[in-house]
Amino acid sequence: MNLTVAVFAALVLLASALGFTAARRKRGELRDLQEWALGGRRFGTLLSWFLLGGDLYTAYTFIALPALVYGVGALGFFAVPYATIAYPIVFLFLARFWNVAHERGYMTVGDFVRGRYGSRTLELAIAATGVLAALPYIALQIVGMKAVLAQLGGVVAFGGGAMPLTVAFALLAAYTYFGGLRAPATIAVFKDILIYATIAAAIVIVPHALGGWHAIFDAASKALATPLHPQPLLIAPQMQFAYATLALGSALSLFLYPHAITSLLSAKSADVVRRNAALLPLYSILLGIIALLGFAALAAGIHAAPNEIVPILFARFFPPWFTGLADATIVIGALVPASIMALGAANLFVRNVIAPISGRIPSSNAAATKWLTLAFCGLSLLLVLYMNVKFAIYFQLLGGAWVLQTAPAIFFGLYSRTIPARALLAGWLTGMVAASYLAVSDGFSPLVAFHIGSFSMTGFIAVYAVLVNLAVAFAATLLFRVRPSEVEVA
Amino acid sequence: MARRAWYWLLALPFIALLDVPIYDRIDPRLAGIPFFYWYQLAWVVLTAALLGIVYLATRERGR
């Protein structure tokens with residue numbers, strides 16, 4: 001156990017040290033916001049690949065996804081189609097978003113909305129939604145770290161790991177403050193190499209120890225089967241629509257989060273974005289393998305809190321030093337996205353929430369954003385240390401449903417201005433209310449069933465809400481009977 | 001115009017993955033992994049390949 005903790009601590013500290021070196025390697029002036037928040041928009045294909053990989057495939061994913069599969073079986077695998085169809089969307093729409101943002105110097109989706117529609121109310125609405133969705137996401141990274149610390153045990157886990165979590169977050173806040181986006185970008189390279197090593201080892205060692213995949217799936221099927229759901233390795237017919245809408249809704253909202261946009265806009269060209277759309281699915285294969293570890297945990301007869309099964313699997317099947325490495329991988333895997341999320345949310349808040357309220361034009365100085373990044377890190381830590389983890393999970397779920405409500409303004413805005421700002425605003429408001437209502441009314445389940453006579457359809461609340469959002473936006477467009485403004489093809 | 005046509009290739013992953021009934025079954029297994037799982041993992045690779053093809057076919061040269 002001591003060797004595990006030693007390797008773990010050494011790697012986490014090494015990653016933090018790498019974060020601090022990023023601020024020292026000066027190219028460009030870090031007081032400038034473009035430099036600090038977007039790395040000067042000069043990341044090439046490989047660095048963007050590491051950064052986006054480190055940003056999108058978070059520690060929470062690596063903990064929560066197997067936990068979901070461990071708990072519900074096949075339905076938890078929706079993350080794989082989600083993380084696949086997201087990339088044609090990146091290729092088609094986000095590369096175009098990069099072009100528009102580059103031409104006009106936009107740094108956030110808020111900037112885009114202000115520039116496209118000239119409406120500061122819509123800018124405020126879209127930006128506030130992004131900030132709200134990002135906060136619980138940062139908090140869940142800490143939840144992922146907590147699961148690892150609990151498994152390491154001893155002094156590290158004392159008091160729910162409050163001390164090491166605070167230390168880790170103080171380091172994170174500090175190197176993000178000094179290095180900006182370059183800090184997580186530097187750590188991401190290190191983190192991703194560790195991830196590939198860990199998963200390569202897991203895919204060889206775990207199935208071998210458990211008698212192969214056939215045995216794992218059979219054992220998991222037995223462990224999960226209930227009279228109501230006799231075939232847990234498959235999606236029950238009445239849940240197939242839910243599976244598809246979970247994948248589609250998540251894929252559409254992935255790049256509406258501030259951290260995804262931040263990483264995307266740091267790419268040096270739209271070509272880098274397109275190339276990455278073809279290269280990033282490599283991470284989705286890892287994601288699929290990691291999800292299958294949920295079945296491996298069932299086959300291994302592990303009985304634990306779902307969030308703890310991955311660290312337990314590591315401890316059971318890996319030699320102690322490699323367990324330390326694998327655990328460090330998850331914690332570093334939390335620090336990278338948490339840093340980008342805090343930075344992206346802070347930038348969005350300063351430029352597109354505070355600025356419209358105070359009626360000012362966003363400044364190009366990084367000072368305010370840097371301070372707010374520290375505040376967001378602190379806030380997320382408090383959220384995890386003093387609030388129920390369940391609250392963070394519910395909040396994140398709601399955030400996911402909310403963030404999809406910004407999709408119409410952004411996706412339509414890329415192609416035309418036929419739908420005016422106030423119609424989009426009406427749609428956004430209805431969508432937000434609908435998403436919140438659907439989530440709360442069914443005890444914070446991401447899925448809700450609609451019954452029409454004897455026919456019932458279970459689907460993802462975010463998708464239902466965005467359909468309402470679109471219907472209202474279209475109806476309002478007709479109602480306002482605006483002059484058919486010139487369709488702009490940028 | 002011909003460049004636009006290539007983009008239609010990117011509709012395939014959506015059809016293949018969102019039409020759940022076509023792959024919601026156990027057999028045939030591959031290395032013990034049920035069809036439901038290896039089919040979706042195979043589509044990760046296929047989607048990457050399609051994106052690579054569309055990228056190369058639609059790339060603007062000399063920019």
# chains A, B, ... in the order shown; residues from 1 in each chain; ligands from 1

$ closest_atom_pairs --of "chain B" --to "chain A" --cutoff "7 Å" --atoms "only C-alpha atoms" --output "CSV"
residue,atom,partner,partner_atom,distance
B:Leu10,CA,A:Pro88,CA,6.0
B:Pro13,CA,A:Ile85,CA,6.3
B:Phe14,CA,A:Ile85,CA,6.2
B:Leu17,CA,A:Pro81,CA,6.1
B:Leu18,CA,A:Ala244,CA,5.0
B:Val20,CA,A:Gln240,CA,5.8
B:Asp24,CA,A:Leu234,CA,6.0
B:Arg25,CA,A:Leu234,CA,6.5
B:Ala31,CA,A:Trp213,CA,6.9
B:Gly32,CA,A:His214,CA,3.9
B:Ile33,CA,A:Trp213,CA,5.9
B:Gln40,CA,A:Pro81,CA,6.6
B:Leu41,CA,A:Ile285,CA,6.4
B:Val44,CA,A:Thr84,CA,5.5
B:Thr47,CA,A:Thr84,CA,6.9
B:Ala48,CA,A:Ala278,CA,4.7
B:Leu51,CA,A:Ala278,CA,5.0
B:Gly52,CA,A:Ala278,CA,5.4
B:Tyr55,CA,A:Arg274,CA,6.9

$ residues_around --residues "region 1-5 of chain B" --least-positions-apart "2" --cutoff "9 Å" --atoms "only C-alpha atoms" --output "PyMOL selection string"
chain B and resi 7-9+54+57-59

$ residues_around --residues "Val131 (chain A)" --least-positions-apart "3" --cutoff "10 Å" --atoms "only C-alpha atoms" --output "ChimeraX atom specification"
/A:126-128,134-136,257-259,341-342,344-349,353,376,399,403

$ residues_around --residues "Asn352 (chain A)" --least-positions-apart "6" --cutoff "7 Å" --atoms "only C-alpha atoms" --output "ChimeraX atom specification"
/A:110-111,123-124,127

$ closest_residue --among "A:Leu165, A:Ala409, A:Ala197, A:Ala291" --to "Ala334 (chain A)" --atoms "only C-alpha atoms"
A:Leu165

$ select_by_dssp --residues "region 33-207 of chain A" --states "alpha helix (DSSP H)" --output "compact mmCIF listing (two decimals) with N, CA and C atoms, in the first residue's frame"
# COMPACT_ATOMS: atom_id res chain seq x y z
N LEU A 33 -5.40 38.49 -22.56
CA LEU A 33 -6.41 37.46 -22.36
C LEU A 33 -6.33 36.35 -23.41
N GLN A 34 -6.08 36.73 -24.68
CA GLN A 34 -5.98 35.73 -25.76
C GLN A 34 -4.85 34.73 -25.47
N GLU A 35 -3.76 35.25 -24.89
CA GLU A 35 -2.62 34.41 -24.56
C GLU A 35 -2.96 33.50 -23.39
N TRP A 36 -3.53 34.13 -22.35
CA TRP A 36 -3.76 33.40 -21.11
C TRP A 36 -4.88 32.37 -21.27
N ALA A 37 -6.00 32.80 -21.87
CA ALA A 37 -7.18 31.92 -21.89
C ALA A 37 -7.21 30.98 -23.10
N LEU A 38 -6.57 31.34 -24.18
CA LEU A 38 -6.64 30.49 -25.38
C LEU A 38 -5.25 30.06 -25.88
N THR A 45 -2.08 20.36 -34.37
CA THR A 45 -2.93 19.16 -34.33
C THR A 45 -2.65 18.29 -33.10
N LEU A 46 -1.36 18.02 -32.84
CA LEU A 46 -1.04 17.07 -31.78
C LEU A 46 -1.37 17.63 -30.40
N LEU A 47 -0.98 18.88 -30.15
CA LEU A 47 -1.26 19.46 -28.84
C LEU A 47 -2.77 19.62 -28.62
N SER A 48 -3.49 20.00 -29.68
CA SER A 48 -4.95 20.11 -29.59
C SER A 48 -5.57 18.76 -29.28
N TRP A 49 -4.99 17.73 -29.87
CA TRP A 49 -5.50 16.37 -29.64
C TRP A 49 -5.35 15.98 -28.17
N PHE A 50 -4.17 16.23 -27.63
CA PHE A 50 -3.95 15.95 -26.22
C PHE A 50 -4.86 16.81 -25.34
N LEU A 51 -4.96 18.08 -25.69
CA LEU A 51 -5.74 19.01 -24.86
C LEU A 51 -7.22 18.65 -24.89
N LEU A 52 -7.78 18.45 -26.08
CA LEU A 52 -9.20 18.09 -26.18
C LEU A 52 -9.46 16.72 -25.56
N GLY A 53 -8.53 15.80 -25.76
CA GLY A 53 -8.67 14.47 -25.15
C GLY A 53 -8.68 14.58 -23.64
N GLY A 54 -7.76 15.39 -23.11
CA GLY A 54 -7.68 15.56 -21.67
C GLY A 54 -8.86 16.31 -21.10
N ASP A 55 -9.47 17.12 -21.94
CA ASP A 55 -10.55 18.00 -21.53
C ASP A 55 -11.90 17.29 -21.56
N LEU A 56 -12.12 16.48 -22.60
CA LEU A 56 -13.44 15.87 -22.80
C LEU A 56 -13.59 14.53 -22.10
N ALA A 59 -11.86 12.58 -15.61
CA ALA A 59 -11.75 11.58 -14.56
C ALA A 59 -13.12 11.09 -14.14
N TYR A 60 -14.06 12.04 -14.09
CA TYR A 60 -15.39 11.66 -13.68
C TYR A 60 -15.96 10.62 -14.64
N THR A 61 -15.67 10.80 -15.94
CA THR A 61 -16.10 9.82 -16.94
C THR A 61 -15.54 8.44 -16.60
N PHE A 62 -14.25 8.44 -16.26
CA PHE A 62 -13.59 7.16 -16.02
C PHE A 62 -14.09 6.48 -14.75
N ILE A 63 -14.66 7.26 -13.84
CA ILE A 63 -15.21 6.69 -12.61
C ILE A 63 -16.70 6.37 -12.81
N ALA A 64 -17.43 7.34 -13.37
CA ALA A 64 -18.88 7.25 -13.40
C ALA A 64 -19.41 6.30 -14.47
N LEU A 65 -18.68 6.18 -15.57
CA LEU A 65 -19.17 5.36 -16.66
C LEU A 65 -19.18 3.87 -16.30
N PRO A 66 -18.06 3.32 -15.80
CA PRO A 66 -18.12 1.94 -15.33
C PRO A 66 -19.12 1.78 -14.19
N ALA A 67 -19.26 2.82 -13.36
CA ALA A 67 -20.21 2.76 -12.25
C ALA A 67 -21.63 2.60 -12.80
N LEU A 68 -21.92 3.32 -13.88
CA LEU A 68 -23.25 3.25 -14.48
C LEU A 68 -23.51 1.86 -15.08
N VAL A 69 -22.50 1.35 -15.81
CA VAL A 69 -22.62 0.02 -16.41
C VAL A 69 -22.76 -1.03 -15.31
N TYR A 70 -21.99 -0.86 -14.25
CA TYR A 70 -22.04 -1.76 -13.08
C TYR A 70 -23.45 -1.75 -12.48
N GLY A 71 -24.09 -0.59 -12.51
CA GLY A 71 -25.41 -0.47 -11.89
C GLY A 71 -26.57 -0.86 -12.79
N VAL A 72 -26.53 -0.45 -14.06
CA VAL A 72 -27.70 -0.66 -14.92
C VAL A 72 -27.44 -1.50 -16.17
N ALA A 79 -22.61 6.17 -23.66
CA ALA A 79 -21.50 7.11 -23.82
C ALA A 79 -20.68 6.81 -25.07
N VAL A 80 -20.68 5.56 -25.51
CA VAL A 80 -19.88 5.22 -26.70
C VAL A 80 -20.50 5.79 -27.99
N PRO A 81 -21.80 5.53 -28.28
CA PRO A 81 -22.36 6.22 -29.45
C PRO A 81 -22.33 7.75 -29.29
N TYR A 82 -22.50 8.22 -28.07
CA TYR A 82 -22.42 9.66 -27.81
C TYR A 82 -21.05 10.21 -28.22
N ALA A 83 -19.99 9.55 -27.74
CA ALA A 83 -18.64 10.04 -28.03
C ALA A 83 -18.20 9.70 -29.44
N THR A 84 -19.08 9.09 -30.23
CA THR A 84 -18.77 8.82 -31.64
C THR A 84 -19.46 9.85 -32.53
N ILE A 85 -20.77 9.99 -32.38
CA ILE A 85 -21.47 10.92 -33.28
C ILE A 85 -21.16 12.38 -32.94
N ALA A 86 -20.52 12.62 -31.79
CA ALA A 86 -20.10 13.99 -31.49
C ALA A 86 -19.11 14.50 -32.55
N TYR A 87 -18.32 13.58 -33.14
CA TYR A 87 -17.24 14.05 -34.02
C TYR A 87 -17.67 14.49 -35.42
N PRO A 88 -18.64 13.82 -36.05
CA PRO A 88 -19.16 14.44 -37.28
C PRO A 88 -19.73 15.84 -36.99
N ILE A 89 -20.31 16.03 -35.80
CA ILE A 89 -20.84 17.35 -35.43
C ILE A 89 -19.69 18.36 -35.32
N ALA A 95 -15.98 23.27 -36.75
CA ALA A 95 -14.91 23.82 -37.58
C ALA A 95 -15.37 25.16 -38.15
N ARG A 96 -16.64 25.22 -38.48
CA ARG A 96 -17.20 26.47 -38.98
C ARG A 96 -17.24 27.53 -37.86
N PHE A 97 -17.60 27.07 -36.66
CA PHE A 97 -17.60 27.97 -35.51
C PHE A 97 -16.19 28.55 -35.31
N TRP A 98 -15.18 27.70 -35.45
CA TRP A 98 -13.79 28.16 -35.30
C TRP A 98 -13.51 29.28 -36.32
N ASN A 99 -13.94 29.06 -37.57
CA ASN A 99 -13.71 30.06 -38.62
C ASN A 99 -14.33 31.40 -38.28
N VAL A 100 -15.61 31.37 -37.89
CA VAL A 100 -16.32 32.61 -37.56
C VAL A 100 -15.63 33.29 -36.37
N ALA A 101 -15.31 32.49 -35.35
CA ALA A 101 -14.69 33.04 -34.15
C ALA A 101 -13.33 33.64 -34.46
N HIS A 102 -12.60 32.99 -35.36
CA HIS A 102 -11.27 33.48 -35.69
C HIS A 102 -11.34 34.81 -36.45
N GLU A 103 -12.26 34.86 -37.44
CA GLU A 103 -12.41 36.08 -38.24
C GLU A 103 -12.78 37.28 -37.39
N ARG A 104 -13.72 37.04 -36.44
CA ARG A 104 -14.24 38.17 -35.67
C ARG A 104 -13.58 38.32 -34.31
N VAL A 109 -18.78 31.51 -26.58
CA VAL A 109 -20.07 31.45 -27.28
C VAL A 109 -20.84 32.75 -27.05
N GLY A 110 -20.62 33.37 -25.89
CA GLY A 110 -21.28 34.65 -25.60
C GLY A 110 -20.88 35.72 -26.61
N ASP A 111 -19.57 35.79 -26.91
CA ASP A 111 -19.08 36.74 -27.91
C ASP A 111 -19.76 36.49 -29.25
N PHE A 112 -19.87 35.21 -29.59
CA PHE A 112 -20.48 34.81 -30.86
C PHE A 112 -21.93 35.30 -30.93
N VAL A 113 -22.68 35.06 -29.85
CA VAL A 113 -24.09 35.45 -29.84
C VAL A 113 -24.25 36.97 -29.92
N ARG A 114 -23.40 37.70 -29.18
CA ARG A 114 -23.47 39.16 -29.25
C ARG A 114 -23.18 39.64 -30.67
N GLY A 115 -22.13 39.06 -31.27
CA GLY A 115 -21.72 39.49 -32.61
C GLY A 115 -22.75 39.13 -33.68
N ARG A 116 -23.32 37.93 -33.54
CA ARG A 116 -24.25 37.44 -34.55
C ARG A 116 -25.60 38.13 -34.50
N TYR A 117 -26.12 38.28 -33.28
CA TYR A 117 -27.50 38.74 -33.14
C TYR A 117 -27.60 40.17 -32.62
N ARG A 120 -27.69 41.77 -26.34
CA ARG A 120 -26.95 41.50 -25.11
C ARG A 120 -27.76 40.65 -24.14
N THR A 121 -29.08 40.67 -24.28
CA THR A 121 -29.92 39.81 -23.42
C THR A 121 -29.69 38.35 -23.78
N LEU A 122 -29.68 38.06 -25.09
CA LEU A 122 -29.44 36.68 -25.51
C LEU A 122 -28.02 36.26 -25.13
N GLU A 123 -27.07 37.18 -25.28
CA GLU A 123 -25.68 36.91 -24.89
C GLU A 123 -25.62 36.49 -23.41
N LEU A 124 -26.30 37.28 -22.59
CA LEU A 124 -26.33 37.02 -21.15
C LEU A 124 -26.96 35.66 -20.85
N ALA A 125 -28.08 35.37 -21.52
CA ALA A 125 -28.80 34.11 -21.28
C ALA A 125 -27.93 32.91 -21.64
N ILE A 126 -27.31 32.96 -22.82
CA ILE A 126 -26.51 31.84 -23.29
C ILE A 126 -25.27 31.66 -22.41
N ALA A 127 -24.64 32.78 -22.03
CA ALA A 127 -23.42 32.70 -21.22
C ALA A 127 -23.72 32.21 -19.81
N ALA A 128 -24.79 32.72 -19.20
CA ALA A 128 -25.14 32.29 -17.84
C ALA A 128 -25.44 30.80 -17.81
N THR A 129 -26.09 30.30 -18.86
CA THR A 129 -26.38 28.87 -18.94
C THR A 129 -25.09 28.06 -18.95
N GLY A 130 -24.12 28.51 -19.75
CA GLY A 130 -22.83 27.81 -19.83
C GLY A 130 -22.11 27.79 -18.50
N VAL A 131 -22.11 28.92 -17.79
CA VAL A 131 -21.43 29.00 -16.50
C VAL A 131 -22.10 28.06 -15.49
N LEU A 132 -23.43 28.09 -15.46
CA LEU A 132 -24.18 27.23 -14.53
C LEU A 132 -23.91 25.75 -14.80
N ALA A 133 -23.78 25.40 -16.07
CA ALA A 133 -23.55 24.00 -16.42
C ALA A 133 -22.13 23.57 -16.08
N ALA A 134 -21.19 24.51 -16.12
CA ALA A 134 -19.78 24.16 -15.89
C ALA A 134 -19.48 23.90 -14.42
N LEU A 135 -20.12 24.65 -13.52
CA LEU A 135 -19.78 24.55 -12.09
C LEU A 135 -19.94 23.13 -11.51
N PRO A 136 -21.11 22.48 -11.70
CA PRO A 136 -21.21 21.12 -11.15
C PRO A 136 -20.27 20.15 -11.83
N TYR A 137 -19.91 20.45 -13.08
CA TYR A 137 -18.99 19.58 -13.82
C TYR A 137 -17.61 19.60 -13.14
N ILE A 138 -17.18 20.80 -12.71
CA ILE A 138 -15.91 20.89 -11.97
C ILE A 138 -16.05 20.10 -10.67
N ALA A 139 -17.19 20.28 -10.00
CA ALA A 139 -17.40 19.60 -8.72
C ALA A 139 -17.31 18.08 -8.88
N LEU A 140 -17.83 17.57 -10.00
CA LEU A 140 -17.81 16.12 -10.19
C LEU A 140 -16.40 15.59 -10.44
N GLN A 141 -15.52 16.44 -10.96
CA GLN A 141 -14.12 16.01 -11.09
C GLN A 141 -13.56 15.72 -9.70
N ILE A 142 -13.96 16.56 -8.73
CA ILE A 142 -13.48 16.36 -7.37
C ILE A 142 -14.08 15.09 -6.78
N VAL A 143 -15.33 14.80 -7.16
CA VAL A 143 -15.96 13.55 -6.72
C VAL A 143 -15.14 12.35 -7.22
N GLY A 144 -14.68 12.43 -8.47
CA GLY A 144 -13.83 11.37 -9.04
C GLY A 144 -12.54 11.21 -8.24
N MET A 145 -11.93 12.36 -7.86
CA MET A 145 -10.70 12.31 -7.07
C MET A 145 -10.95 11.67 -5.71
N LYS A 146 -12.10 12.01 -5.14
CA LYS A 146 -12.46 11.49 -3.82
C LYS A 146 -12.53 9.97 -3.82
N ALA A 147 -13.11 9.42 -4.90
CA ALA A 147 -13.26 7.96 -4.99
C ALA A 147 -11.89 7.28 -4.95
N VAL A 148 -10.91 7.90 -5.62
CA VAL A 148 -9.57 7.34 -5.64
C VAL A 148 -8.92 7.45 -4.25
N LEU A 149 -9.05 8.62 -3.64
CA LEU A 149 -8.44 8.83 -2.32
C LEU A 149 -9.01 7.86 -1.29
N ALA A 150 -10.32 7.60 -1.39
CA ALA A 150 -10.96 6.68 -0.44
C ALA A 150 -10.34 5.29 -0.56
N GLN A 151 -10.03 4.89 -1.80
CA GLN A 151 -9.46 3.58 -2.01
C GLN A 151 -8.01 3.50 -1.54
N LEU A 152 -7.27 4.62 -1.69
CA LEU A 152 -5.88 4.64 -1.23
C LEU A 152 -5.82 4.50 0.29
N PHE A 158 -8.29 10.58 5.03
CA PHE A 158 -8.80 11.12 6.28
C PHE A 158 -9.77 12.28 6.05
N GLY A 159 -10.90 12.23 6.75
CA GLY A 159 -11.90 13.30 6.62
C GLY A 159 -12.46 13.40 5.21
N GLY A 160 -12.67 12.24 4.56
CA GLY A 160 -13.19 12.28 3.19
C GLY A 160 -12.17 12.85 2.22
N GLY A 161 -10.90 12.80 2.61
CA GLY A 161 -9.84 13.30 1.72
C GLY A 161 -9.83 14.81 1.60
N ALA A 162 -10.38 15.50 2.59
CA ALA A 162 -10.49 16.96 2.49
C ALA A 162 -9.13 17.64 2.34
N MET A 163 -8.15 17.14 3.10
CA MET A 163 -6.83 17.78 3.06
C MET A 163 -6.16 17.63 1.69
N PRO A 164 -5.97 16.37 1.19
CA PRO A 164 -5.35 16.26 -0.13
C PRO A 164 -6.15 16.93 -1.25
N LEU A 165 -7.48 16.90 -1.14
CA LEU A 165 -8.30 17.56 -2.16
C LEU A 165 -8.04 19.06 -2.18
N THR A 166 -7.93 19.64 -0.97
CA THR A 166 -7.68 21.07 -0.88
C THR A 166 -6.30 21.40 -1.44
N VAL A 167 -5.30 20.56 -1.09
CA VAL A 167 -3.95 20.79 -1.60
C VAL A 167 -3.95 20.70 -3.13
N ALA A 168 -4.58 19.63 -3.66
CA ALA A 168 -4.60 19.44 -5.11
C ALA A 168 -5.29 20.61 -5.80
N PHE A 169 -6.38 21.10 -5.20
CA PHE A 169 -7.10 22.20 -5.84
C PHE A 169 -6.39 23.53 -5.71
N ALA A 170 -5.64 23.70 -4.61
CA ALA A 170 -4.86 24.92 -4.47
C ALA A 170 -3.77 24.95 -5.54
N LEU A 171 -3.12 23.79 -5.76
CA LEU A 171 -2.09 23.71 -6.80
C LEU A 171 -2.71 24.00 -8.16
N LEU A 172 -3.86 23.37 -8.40
CA LEU A 172 -4.55 23.54 -9.68
C LEU A 172 -4.89 25.01 -9.93
N ALA A 173 -5.47 25.64 -8.89
CA ALA A 173 -5.85 27.04 -9.04
C ALA A 173 -4.62 27.89 -9.32
N ALA A 174 -3.50 27.56 -8.63
CA ALA A 174 -2.29 28.37 -8.77
C ALA A 174 -1.69 28.25 -10.17
N TYR A 175 -1.53 27.01 -10.68
CA TYR A 175 -0.89 26.95 -12.00
C TYR A 175 -1.81 27.43 -13.10
N THR A 176 -3.12 27.31 -12.91
CA THR A 176 -4.03 27.86 -13.91
C THR A 176 -3.94 29.38 -13.89
N TYR A 177 -3.86 29.95 -12.67
CA TYR A 177 -3.75 31.40 -12.53
C TYR A 177 -2.50 31.91 -13.25
N PHE A 178 -1.38 31.23 -13.05
CA PHE A 178 -0.13 31.72 -13.64
C PHE A 178 0.03 31.35 -15.11
N GLY A 179 -0.35 30.13 -15.47
CA GLY A 179 -0.04 29.66 -16.82
C GLY A 179 -1.19 29.74 -17.81
N ARG A 182 -2.17 27.16 -21.09
CA ARG A 182 -0.96 26.38 -21.35
C ARG A 182 -0.69 25.37 -20.26
N ALA A 183 -1.11 25.67 -19.01
CA ALA A 183 -0.85 24.75 -17.91
C ALA A 183 -1.58 23.42 -18.11
N PRO A 184 -2.93 23.42 -18.26
CA PRO A 184 -3.57 22.13 -18.49
C PRO A 184 -3.12 21.47 -19.80
N ALA A 185 -2.76 22.26 -20.81
CA ALA A 185 -2.31 21.67 -22.07
C ALA A 185 -1.03 20.87 -21.86
N THR A 186 -0.13 21.42 -21.04
CA THR A 186 1.13 20.72 -20.77
C THR A 186 0.87 19.44 -19.98
N ILE A 187 0.01 19.56 -18.95
CA ILE A 187 -0.27 18.38 -18.12
C ILE A 187 -1.03 17.32 -18.93
N ALA A 188 -1.87 17.79 -19.86
CA ALA A 188 -2.70 16.86 -20.64
C ALA A 188 -1.85 15.84 -21.38
N VAL A 189 -0.69 16.27 -21.89
CA VAL A 189 0.17 15.34 -22.62
C VAL A 189 0.60 14.21 -21.69
N PHE A 190 1.03 14.59 -20.49
CA PHE A 190 1.46 13.64 -19.48
C PHE A 190 0.31 12.71 -19.08
N LYS A 191 -0.83 13.33 -18.83
CA LYS A 191 -2.01 12.58 -18.39
C LYS A 191 -2.45 11.55 -19.43
N ASP A 192 -2.46 11.96 -20.70
CA ASP A 192 -2.96 11.06 -21.73
C ASP A 192 -2.05 9.86 -21.93
N ILE A 193 -0.74 10.07 -21.78
CA ILE A 193 0.20 8.94 -21.89
C ILE A 193 -0.09 7.95 -20.76
N LEU A 194 -0.33 8.48 -19.54
CA LEU A 194 -0.66 7.60 -18.41
C LEU A 194 -1.96 6.85 -18.65
N ILE A 195 -2.95 7.55 -19.24
CA ILE A 195 -4.25 6.91 -19.49
C ILE A 195 -4.09 5.75 -20.46
N TYR A 196 -3.36 5.98 -21.56
CA TYR A 196 -3.19 4.90 -22.53
C TYR A 196 -2.48 3.73 -21.89
N ALA A 197 -1.47 3.99 -21.04
CA ALA A 197 -0.75 2.90 -20.37
C ALA A 197 -1.69 2.13 -19.44
N THR A 198 -2.49 2.87 -18.67
CA THR A 198 -3.39 2.21 -17.71
C THR A 198 -4.41 1.33 -18.42
N ILE A 199 -5.01 1.88 -19.48
CA ILE A 199 -6.05 1.12 -20.17
C ILE A 199 -5.47 -0.07 -20.91
N ALA A 200 -4.29 0.11 -21.50
CA ALA A 200 -3.64 -1.01 -22.19
C ALA A 200 -3.40 -2.14 -21.19
N ALA A 201 -2.95 -1.80 -19.99
CA ALA A 201 -2.71 -2.81 -18.97
C ALA A 201 -4.02 -3.46 -18.53
N ALA A 202 -5.05 -2.62 -18.33
CA ALA A 202 -6.34 -3.14 -17.86
C ALA A 202 -6.93 -4.12 -18.85
N ILE A 203 -6.81 -3.79 -20.14
CA ILE A 203 -7.47 -4.64 -21.15
C ILE A 203 -6.77 -5.99 -21.30
N VAL A 204 -5.49 -6.04 -20.92
CA VAL A 204 -4.77 -7.32 -20.97
C VAL A 204 -4.98 -8.09 -19.66
N ILE A 205 -4.75 -7.41 -18.55
CA ILE A 205 -4.70 -8.10 -17.26
C ILE A 205 -6.09 -8.52 -16.75
N VAL A 206 -7.06 -7.60 -16.82
CA VAL A 206 -8.36 -7.88 -16.19
C VAL A 206 -9.10 -9.05 -16.85
N PRO A 207 -9.29 -9.04 -18.19
CA PRO A 207 -10.01 -10.19 -18.78
C PRO A 207 -9.26 -11.50 -18.58

$ atom_distance --atom1 "CA of Ser363 (chain A)" --atom2 "CA of Ala270 (chain A)"
25.5 Å
